[in-house]
>>> print(open('start.pdb').read())   # PDB, N, CA and C atoms
ATOM      1  N   MET P 404      -6.815 -32.598  19.075
ATOM      2  CA  MET P 404      -6.220 -31.582  18.252
ATOM      3  C   MET P 404      -5.339 -32.270  17.213
ATOM      4  N   ASN P 405      -5.478 -31.895  15.973
ATOM      5  CA  ASN P 405      -4.610 -32.401  14.922
ATOM      6  C   ASN P 405      -3.531 -31.380  14.645
ATOM      7  N   VAL P 406      -2.314 -31.834  14.588
ATOM      8  CA  VAL P 406      -1.198 -30.970  14.255
ATOM      9  C   VAL P 406      -0.803 -31.280  12.829
ATOM     10  N   LYS P 407      -0.962 -30.292  11.971
ATOM     11  CA  LYS P 407      -0.615 -30.489  10.569
ATOM     12  C   LYS P 407       0.894 -30.479  10.455
ATOM     13  N   VAL P 408       1.425 -31.544   9.946
ATOM     14  CA  VAL P 408       2.861 -31.629   9.743
ATOM     15  C   VAL P 408       3.219 -30.851   8.486
ATOM     16  N   GLY P 409       2.296 -30.765   7.566
ATOM     17  CA  GLY P 409       2.535 -30.052   6.316
ATOM     18  C   GLY P 409       2.815 -31.024   5.194
ATOM     19  N   GLU P 410       3.203 -30.470   4.073
ATOM     20  CA  GLU P 410       3.483 -31.341   2.933
ATOM     21  C   GLU P 410       4.751 -32.115   3.217
ATOM     22  N   PHE P 411       4.669 -33.391   3.075
ATOM     23  CA  PHE P 411       5.787 -34.260   3.370
ATOM     24  C   PHE P 411       5.732 -35.417   2.398
ATOM     25  N   LYS P 412       6.800 -35.654   1.719
ATOM     26  CA  LYS P 412       6.851 -36.703   0.707
ATOM     27  C   LYS P 412       5.748 -36.504  -0.333
ATOM     28  N   GLY P 413       5.437 -35.234  -0.638
ATOM     29  CA  GLY P 413       4.496 -34.924  -1.700
ATOM     30  C   GLY P 413       3.040 -34.967  -1.330
ATOM     31  N   GLU P 414       2.697 -35.122  -0.064
ATOM     32  CA  GLU P 414       1.287 -35.139   0.329
ATOM     33  C   GLU P 414       1.107 -34.458   1.681
ATOM     34  N   ASP P 415      -0.122 -34.008   1.945
ATOM     35  CA  ASP P 415      -0.421 -33.401   3.236
ATOM     36  C   ASP P 415      -0.469 -34.476   4.305
ATOM     37  N   VAL P 416       0.166 -34.210   5.430
ATOM     38  CA  VAL P 416       0.247 -35.178   6.523
ATOM     39  C   VAL P 416      -0.114 -34.479   7.823
ATOM     40  N   PHE P 417      -0.871 -35.159   8.695
ATOM     41  CA  PHE P 417      -1.093 -34.641  10.036
ATOM     42  C   PHE P 417      -0.891 -35.770  11.030
ATOM     43  N   MET P 418      -0.512 -35.376  12.239
ATOM     44  CA  MET P 418      -0.361 -36.335  13.323
ATOM     45  C   MET P 418      -1.293 -35.911  14.450
ATOM     46  N   HIS P 419      -2.181 -36.813  14.809
ATOM     47  CA  HIS P 419      -3.139 -36.557  15.881
ATOM     48  C   HIS P 419      -2.358 -36.343  17.168
ATOM     49  N   THR P 420      -2.543 -35.176  17.801
ATOM     50  CA  THR P 420      -1.772 -34.787  18.975
ATOM     51  C   THR P 420      -2.711 -34.285  20.057
ATOM     52  N   ILE P 421      -2.454 -34.694  21.284
ATOM     53  CA  ILE P 421      -3.258 -34.252  22.424
ATOM     54  C   ILE P 421      -2.320 -33.661  23.475
ATOM     55  N   ILE P 422      -2.718 -32.519  24.016
ATOM     56  CA  ILE P 422      -1.969 -31.872  25.093
ATOM     57  C   ILE P 422      -2.869 -31.878  26.323
ATOM     58  N   CYS P 423      -2.365 -32.387  27.427
ATOM     59  CA  CYS P 423      -3.144 -32.481  28.669
ATOM     60  C   CYS P 423      -2.399 -31.805  29.808
ATOM     61  N   GLY P 424      -3.174 -31.240  30.709
ATOM     62  CA  GLY P 424      -2.602 -30.592  31.878
ATOM     63  C   GLY P 424      -2.396 -29.120  31.624
ATOM     64  N   GLN P 425      -2.202 -28.402  32.692
ATOM     65  CA  GLN P 425      -1.992 -26.967  32.584
ATOM     66  C   GLN P 425      -0.605 -26.693  32.045
ATOM     67  N   GLN P 426      -0.552 -25.845  31.038
ATOM     68  CA  GLN P 426       0.745 -25.445  30.508
ATOM     69  C   GLN P 426       1.290 -24.365  31.431
ATOM     70  N   ASP P 427       2.192 -24.788  32.281
ATOM     71  CA  ASP P 427       2.722 -23.955  33.346
ATOM     72  C   ASP P 427       4.245 -24.003  33.263
ATOM     73  N   ASP P 428       4.879 -22.864  33.427
ATOM     74  CA  ASP P 428       6.338 -22.820  33.362
ATOM     75  C   ASP P 428       6.997 -23.683  34.434
ATOM     76  N   ASN P 429       6.267 -23.965  35.511
ATOM     77  CA  ASN P 429       6.832 -24.762  36.591
ATOM     78  C   ASN P 429       6.724 -26.257  36.353
ATOM     79  N   LYS P 430       5.886 -26.668  35.390
ATOM     80  CA  LYS P 430       5.709 -28.089  35.105
ATOM     81  C   LYS P 430       6.508 -28.473  33.865
ATOM     82  N   PRO P 431       7.318 -29.504  33.980
ATOM     83  CA  PRO P 431       8.032 -29.965  32.781
ATOM     84  C   PRO P 431       7.057 -30.610  31.793
ATOM     85  N   VAL P 432       7.453 -30.613  30.537
ATOM     86  CA  VAL P 432       6.651 -31.237  29.489
ATOM     87  C   VAL P 432       7.141 -32.673  29.317
ATOM     88  N   LEU P 433       6.191 -33.596  29.267
ATOM     89  CA  LEU P 433       6.491 -35.004  29.060
ATOM     90  C   LEU P 433       5.808 -35.437  27.768
ATOM     91  N   VAL P 434       6.587 -35.927  26.803
ATOM     92  CA  VAL P 434       6.052 -36.380  25.523
ATOM     93  C   VAL P 434       5.973 -37.900  25.562
ATOM     94  N   LEU P 435       4.784 -38.427  25.262
ATOM     95  CA  LEU P 435       4.566 -39.870  25.272
ATOM     96  C   LEU P 435       4.351 -40.372  23.849
ATOM     97  N   CYS P 436       5.002 -41.462  23.518
ATOM     98  CA  CYS P 436       4.877 -42.051  22.187
ATOM     99  C   CYS P 436       4.545 -43.532  22.345
ATOM    100  N   HIS P 437       3.470 -43.961  21.716
ATOM    101  CA  HIS P 437       3.061 -45.365  21.800
ATOM    102  C   HIS P 437       3.933 -46.237  20.906
ATOM    103  N   GLY P 438       3.786 -47.530  21.033
ATOM    104  CA  GLY P 438       4.530 -48.473  20.199
ATOM    105  C   GLY P 438       3.820 -48.752  18.883
ATOM    106  N   TYR P 439       4.442 -49.593  18.085
ATOM    107  CA  TYR P 439       3.925 -49.935  16.764
ATOM    108  C   TYR P 439       2.544 -50.576  16.886
ATOM    109  N   GLY P 440       1.620 -50.082  16.101
ATOM    110  CA  GLY P 440       0.268 -50.636  16.079
ATOM    111  C   GLY P 440      -0.649 -50.064  17.142
ATOM    112  N   GLY P 441      -0.169 -49.145  17.955
ATOM    113  CA  GLY P 441      -0.974 -48.582  19.030
ATOM    114  C   GLY P 441      -1.506 -47.207  18.690
ATOM    115  N   SER P 442      -1.912 -46.500  19.721
ATOM    116  CA  SER P 442      -2.342 -45.107  19.584
ATOM    117  C   SER P 442      -2.177 -44.423  20.930
ATOM    118  N   GLY P 443      -2.316 -43.109  20.936
ATOM    119  CA  GLY P 443      -2.197 -42.345  22.174
ATOM    120  C   GLY P 443      -3.248 -42.725  23.205
ATOM    121  N   ALA P 444      -4.334 -43.349  22.759
ATOM    122  CA  ALA P 444      -5.389 -43.773  23.677
ATOM    123  C   ALA P 444      -4.871 -44.771  24.717
ATOM    124  N   LEU P 445      -3.759 -45.400  24.442
ATOM    125  CA  LEU P 445      -3.188 -46.364  25.390
ATOM    126  C   LEU P 445      -2.824 -45.727  26.728
ATOM    127  N   PHE P 446      -2.653 -44.408  26.738
ATOM    128  CA  PHE P 446      -2.192 -43.721  27.941
ATOM    129  C   PHE P 446      -3.327 -43.246  28.848
ATOM    130  N   TYR P 447      -4.577 -43.556  28.500
ATOM    131  CA  TYR P 447      -5.702 -42.974  29.229
ATOM    132  C   TYR P 447      -5.691 -43.275  30.723
ATOM    133  N   LYS P 448      -5.176 -44.415  31.148
ATOM    134  CA  LYS P 448      -5.186 -44.770  32.568
ATOM    135  C   LYS P 448      -4.177 -43.981  33.403
ATOM    136  N   ILE P 449      -3.159 -43.416  32.776
ATOM    137  CA  ILE P 449      -2.115 -42.726  33.541
ATOM    138  C   ILE P 449      -2.150 -41.206  33.366
ATOM    139  N   ILE P 450      -3.032 -40.707  32.519
ATOM    140  CA  ILE P 450      -3.068 -39.273  32.231
ATOM    141  C   ILE P 450      -3.326 -38.451  33.483
ATOM    142  N   LYS P 451      -4.341 -38.808  34.241
ATOM    143  CA  LYS P 451      -4.721 -38.005  35.402
ATOM    144  C   LYS P 451      -3.575 -37.874  36.401
ATOM    145  N   SER P 452      -2.925 -38.969  36.711
ATOM    146  CA  SER P 452      -1.842 -38.888  37.704
ATOM    147  C   SER P 452      -0.621 -38.142  37.147
ATOM    148  N   LEU P 453      -0.334 -38.303  35.875
ATOM    149  CA  LEU P 453       0.825 -37.611  35.310
ATOM    150  C   LEU P 453       0.613 -36.104  35.179
ATOM    151  N   THR P 454      -0.625 -35.678  34.925
ATOM    152  CA  THR P 454      -0.872 -34.243  34.746
ATOM    153  C   THR P 454      -0.762 -33.466  36.056
ATOM    154  N   GLU P 455      -0.665 -34.153  37.169
ATOM    155  CA  GLU P 455      -0.440 -33.458  38.435
ATOM    156  C   GLU P 455       0.956 -32.829  38.463
ATOM    157  N   ASN P 456       1.890 -33.455  37.756
ATOM    158  CA  ASN P 456       3.282 -32.991  37.785
ATOM    159  C   ASN P 456       3.848 -32.583  36.428
ATOM    160  N   PHE P 457       3.125 -32.898  35.362
ATOM    161  CA  PHE P 457       3.642 -32.647  34.018
ATOM    162  C   PHE P 457       2.559 -32.067  33.112
ATOM    163  N   THR P 458       2.997 -31.369  32.080
ATOM    164  CA  THR P 458       2.144 -31.084  30.938
ATOM    165  C   THR P 458       2.426 -32.213  29.959
ATOM    166  N   LEU P 459       1.402 -32.947  29.556
ATOM    167  CA  LEU P 459       1.578 -34.106  28.687
ATOM    168  C   LEU P 459       1.301 -33.754  27.231
ATOM    169  N   ILE P 460       2.113 -34.283  26.364
ATOM    170  CA  ILE P 460       1.859 -34.220  24.936
ATOM    171  C   ILE P 460       1.990 -35.644  24.431
ATOM    172  N   PHE P 461       0.917 -36.154  23.851
ATOM    173  CA  PHE P 461       1.042 -37.467  23.229
ATOM    174  C   PHE P 461       0.405 -37.440  21.856
ATOM    175  N   PHE P 462       0.931 -38.282  20.997
ATOM    176  CA  PHE P 462       0.535 -38.244  19.597
ATOM    177  C   PHE P 462       0.426 -39.653  19.040
ATOM    178  N   ASP P 463      -0.293 -39.750  17.941
ATOM    179  CA  ASP P 463      -0.383 -41.015  17.218
ATOM    180  C   ASP P 463       0.657 -40.997  16.111
ATOM    181  N   LEU P 464       1.458 -42.033  16.065
ATOM    182  CA  LEU P 464       2.432 -42.151  14.984
ATOM    183  C   LEU P 464       1.715 -42.101  13.643
ATOM    184  N   VAL P 465       2.386 -41.601  12.642
ATOM    185  CA  VAL P 465       1.803 -41.529  11.315
ATOM    186  C   VAL P 465       1.410 -42.945  10.871
ATOM    187  N   GLY P 466       0.211 -43.046  10.311
ATOM    188  CA  GLY P 466      -0.301 -44.346   9.876
ATOM    189  C   GLY P 466      -1.060 -45.102  10.947
ATOM    190  N   MET P 467      -1.163 -44.530  12.153
ATOM    191  CA  MET P 467      -1.826 -45.217  13.267
ATOM    192  C   MET P 467      -2.770 -44.271  13.991
ATOM    193  N   GLY P 468      -3.698 -44.832  14.741
ATOM    194  CA  GLY P 468      -4.645 -44.034  15.514
ATOM    195  C   GLY P 468      -5.358 -43.013  14.664
ATOM    196  N   GLY P 469      -5.376 -41.763  15.110
ATOM    197  CA  GLY P 469      -6.062 -40.702  14.394
ATOM    198  C   GLY P 469      -5.196 -39.946  13.408
ATOM    199  N   SER P 470      -3.947 -40.365  13.222
ATOM    200  CA  SER P 470      -3.047 -39.689  12.287
ATOM    201  C   SER P 470      -3.318 -40.138  10.854
ATOM    202  N   SER P 471      -2.858 -39.325   9.920
ATOM    203  CA  SER P 471      -3.064 -39.671   8.513
ATOM    204  C   SER P 471      -2.214 -40.878   8.137
ATOM    205  N   ARG P 472      -2.660 -41.533   7.090
ATOM    206  CA  ARG P 472      -1.962 -42.702   6.575
ATOM    207  C   ARG P 472      -1.363 -42.365   5.221
ATOM    208  N   PRO P 473      -0.092 -42.018   5.211
ATOM    209  CA  PRO P 473       0.542 -41.655   3.948
ATOM    210  C   PRO P 473       0.482 -42.796   2.936
ATOM    211  N   LYS P 474       0.513 -42.419   1.684
ATOM    212  CA  LYS P 474       0.421 -43.405   0.605
ATOM    213  C   LYS P 474       1.592 -44.374   0.615
ATOM    214  N   ASP P 475       2.743 -43.938   1.130
ATOM    215  CA  ASP P 475       3.905 -44.830   1.131
ATOM    216  C   ASP P 475       3.938 -45.753   2.343
ATOM    217  N   PHE P 476       2.904 -45.700   3.184
ATOM    218  CA  PHE P 476       2.870 -46.548   4.381
ATOM    219  C   PHE P 476       2.342 -47.932   4.006
ATOM    220  N   ASP P 477       3.200 -48.911   4.029
ATOM    221  CA  ASP P 477       2.827 -50.296   3.757
ATOM    222  C   ASP P 477       3.634 -51.170   4.704
ATOM    223  N   GLU P 478       2.991 -51.606   5.773
ATOM    224  CA  GLU P 478       3.704 -52.349   6.809
ATOM    225  C   GLU P 478       4.338 -53.634   6.280
ATOM    226  N   ASN P 479       3.848 -54.149   5.173
ATOM    227  CA  ASN P 479       4.414 -55.382   4.626
ATOM    228  C   ASN P 479       5.673 -55.144   3.795
ATOM    229  N   LYS P 480       5.947 -53.887   3.458
ATOM    230  CA  LYS P 480       7.097 -53.585   2.606
ATOM    231  C   LYS P 480       8.222 -52.867   3.346
ATOM    232  N   ILE P 481       8.040 -52.591   4.639
ATOM    233  CA  ILE P 481       9.064 -51.871   5.393
ATOM    234  C   ILE P 481       9.824 -52.859   6.270
ATOM    235  N   SER P 482      11.145 -52.868   6.125
ATOM    236  CA  SER P 482      11.976 -53.755   6.952
ATOM    237  C   SER P 482      12.031 -53.213   8.377
ATOM    238  N   ALA P 483      12.506 -54.033   9.288
ATOM    239  CA  ALA P 483      12.634 -53.598  10.685
ATOM    240  C   ALA P 483      13.561 -52.392  10.779
ATOM    241  N   GLU P 484      14.653 -52.410  10.024
ATOM    242  CA  GLU P 484      15.593 -51.294  10.054
ATOM    243  C   GLU P 484      14.976 -50.053   9.422
ATOM    244  N   GLY P 485      14.284 -50.232   8.312
ATOM    245  CA  GLY P 485      13.661 -49.115   7.615
ATOM    246  C   GLY P 485      12.497 -48.528   8.377
ATOM    247  N   CYS P 486      11.866 -49.332   9.210
ATOM    248  CA  CYS P 486      10.712 -48.891   9.998
ATOM    249  C   CYS P 486      11.101 -47.759  10.943
ATOM    250  N   VAL P 487      12.225 -47.905  11.614
ATOM    251  CA  VAL P 487      12.681 -46.873  12.547
ATOM    252  C   VAL P 487      12.900 -45.560  11.809
ATOM    253  N   ASP P 488      13.611 -45.610  10.702
ATOM    254  CA  ASP P 488      13.876 -44.400   9.923
ATOM    255  C   ASP P 488      12.588 -43.764   9.425
ATOM    256  N   TYR P 489      11.645 -44.583   8.996
ATOM    257  CA  TYR P 489      10.369 -44.098   8.477
ATOM    258  C   TYR P 489       9.640 -43.256   9.528
ATOM    259  N   PHE P 490       9.487 -43.801  10.720
ATOM    260  CA  PHE P 490       8.759 -43.093  11.766
ATOM    261  C   PHE P 490       9.538 -41.898  12.304
ATOM    262  N   VAL P 491      10.852 -42.029  12.418
ATOM    263  CA  VAL P 491      11.665 -40.913  12.909
ATOM    264  C   VAL P 491      11.546 -39.716  11.972
ATOM    265  N   GLU P 492      11.504 -39.949  10.670
ATOM    266  CA  GLU P 492      11.337 -38.843   9.714
ATOM    267  C   GLU P 492      10.082 -38.030  10.034
ATOM    268  N   TYR P 493       8.984 -38.727  10.265
ATOM    269  CA  TYR P 493       7.722 -38.037  10.550
ATOM    270  C   TYR P 493       7.720 -37.382  11.929
ATOM    271  N   ILE P 494       8.297 -38.046  12.914
ATOM    272  CA  ILE P 494       8.354 -37.464  14.256
ATOM    273  C   ILE P 494       9.197 -36.185  14.240
ATOM    274  N   GLU P 495      10.302 -36.218  13.538
ATOM    275  CA  GLU P 495      11.138 -35.015  13.443
ATOM    276  C   GLU P 495      10.396 -33.885  12.753
ATOM    277  N   LYS P 496       9.644 -34.178  11.736
ATOM    278  CA  LYS P 496       8.861 -33.153  11.034
ATOM    279  C   LYS P 496       7.777 -32.601  11.979
ATOM    280  N   TRP P 497       7.151 -33.473  12.747
ATOM    281  CA  TRP P 497       6.117 -33.072  13.709
ATOM    282  C   TRP P 497       6.723 -32.162  14.794
ATOM    283  N   ARG P 498       7.904 -32.545  15.274
ATOM    284  CA  ARG P 498       8.568 -31.807  16.353
ATOM    285  C   ARG P 498       8.861 -30.390  15.920
TER     286      ARG P 498
END
>>> encode(input="start.pdb", output="structure tokens")
Amino acid sequence: MNVKVGEFKGEDVFMHTIICGQQDDNKPVLVLCHGYGGSGALFYKIIKSLTENFTLIFFDLVGMGGSSRPKDFDENKISAEGCVDYFVEYIEKWR
């Protein structure tokens, strides 16, 4: 499932999002986020066991996996400090 983040920084952006497990009021929601350069596919080995107790939501960070790659995404031009702010902006918009 793709979740459209909407227009952001002047362009349409989406973040590839997957929801697993029964959405049940008794099960807490667990959001999983991969590291830099990864994708939500990294969680495939633990999905089955986690869905016994949780509803899982995992997504691909913008610019990675199945998410869109914004025009301003250039890994060679983003500092370590700026990288955190860059991704947090998109995650907050997605949330």
>>> axis_aligned_box(input="start.pdb", around="region 425-432 of chain P", padding_each_side="5 Å", output="lines of an AutoDock Vina configuration file")
center_x = 2.9
center_y = -27.7
center_z = 33.0
size_x = 20.2
size_y = 19.9
size_z = 17.3
>>> select_by_dssp(input="start.pdb", residues="chain P", states="helix (DSSP H, G or I)", output="JSON, numbers by chain")
{"P": [443, 444, 445, 446, 450, 451, 452, 453, 483, 484, 485, 486, 487, 488, 489, 490, 491, 492, 493, 494, 495, 496, 497]}
>>> write_last_selection(input="start.pdb", atoms="N, CA and C atoms", output="CSV table (one decimal), in the frame of the given file")
chain,number,residue,atom,x,y,z
P,443,GLY,N,-2.3,-43.1,20.9
P,443,GLY,CA,-2.2,-42.3,22.2
P,443,GLY,C,-3.2,-42.7,23.2
P,444,ALA,N,-4.3,-43.3,22.8
P,444,ALA,CA,-5.4,-43.8,23.7
P,444,ALA,C,-4.9,-44.8,24.7
P,445,LEU,N,-3.8,-45.4,24.4
P,445,LEU,CA,-3.2,-46.4,25.4
P,445,LEU,C,-2.8,-45.7,26.7
P,446,PHE,N,-2.7,-44.4,26.7
P,446,PHE,CA,-2.2,-43.7,27.9
P,446,PHE,C,-3.3,-43.2,28.8
P,450,ILE,N,-3.0,-40.7,32.5
P,450,ILE,CA,-3.1,-39.3,32.2
P,450,ILE,C,-3.3,-38.5,33.5
P,451,LYS,N,-4.3,-38.8,34.2
P,451,LYS,CA,-4.7,-38.0,35.4
P,451,LYS,C,-3.6,-37.9,36.4
P,452,SER,N,-2.9,-39.0,36.7
P,452,SER,CA,-1.8,-38.9,37.7
P,452,SER,C,-0.6,-38.1,37.1
P,453,LEU,N,-0.3,-38.3,35.9
P,453,LEU,CA,0.8,-37.6,35.3
P,453,LEU,C,0.6,-36.1,35.2
P,483,ALA,N,12.5,-54.0,9.3
P,483,ALA,CA,12.6,-53.6,10.7
P,483,ALA,C,13.6,-52.4,10.8
P,484,GLU,N,14.7,-52.4,10.0
P,484,GLU,CA,15.6,-51.3,10.1
P,484,GLU,C,15.0,-50.1,9.4
P,485,GLY,N,14.3,-50.2,8.3
P,485,GLY,CA,13.7,-49.1,7.6
P,485,GLY,C,12.5,-48.5,8.4
P,486,CYS,N,11.9,-49.3,9.2
P,486,CYS,CA,10.7,-48.9,10.0
P,486,CYS,C,11.1,-47.8,10.9
P,487,VAL,N,12.2,-47.9,11.6
P,487,VAL,CA,12.7,-46.9,12.5
P,487,VAL,C,12.9,-45.6,11.8
P,488,ASP,N,13.6,-45.6,10.7
P,488,ASP,CA,13.9,-44.4,9.9
P,488,ASP,C,12.6,-43.8,9.4
P,489,TYR,N,11.6,-44.6,9.0
P,489,TYR,CA,10.4,-44.1,8.5
P,489,TYR,C,9.6,-43.3,9.5
P,490,PHE,N,9.5,-43.8,10.7
P,490,PHE,CA,8.8,-43.1,11.8
P,490,PHE,C,9.5,-41.9,12.3
P,491,VAL,N,10.9,-42.0,12.4
P,491,VAL,CA,11.7,-40.9,12.9
P,491,VAL,C,11.5,-39.7,12.0
P,492,GLU,N,11.5,-39.9,10.7
P,492,GLU,CA,11.3,-38.8,9.7
P,492,GLU,C,10.1,-38.0,10.0
P,493,TYR,N,9.0,-38.7,10.3
P,493,TYR,CA,7.7,-38.0,10.6
P,493,TYR,C,7.7,-37.4,11.9
P,494,ILE,N,8.3,-38.0,12.9
P,494,ILE,CA,8.4,-37.5,14.3
P,494,ILE,C,9.2,-36.2,14.2
P,495,GLU,N,10.3,-36.2,13.5
P,495,GLU,CA,11.1,-35.0,13.4
P,495,GLU,C,10.4,-33.9,12.8
P,496,LYS,N,9.6,-34.2,11.7
P,496,LYS,CA,8.9,-33.2,11.0
P,496,LYS,C,7.8,-32.6,12.0
P,497,TRP,N,7.2,-33.5,12.7
P,497,TRP,CA,6.1,-33.1,13.7
P,497,TRP,C,6.7,-32.2,14.8
>>> select_by_dssp(input="start.pdb", residues="region 442-488 of chain P", states="strand (DSSP E)", output="PyMOL selection string")
chain P and resi 458-462
>>> residues_around(input="start.pdb", residues="region 466-472 of chain P", least_positions_apart="6", cutoff="8 Å", atoms="only N, CA and C atoms", output="list of chain:residue names")
P:Asn405, P:Asp415, P:Val416, P:Phe417, P:Met418, P:His419, P:Thr420, P:Tyr439, P:Gly440, P:Gly441, P:Ser442, P:Gly443, P:Ala444
>>> atom_distance(input="start.pdb", atom1="CA of Ile450 (chain P)", atom2="CA of Asp427 (chain P)")
16.4 Å
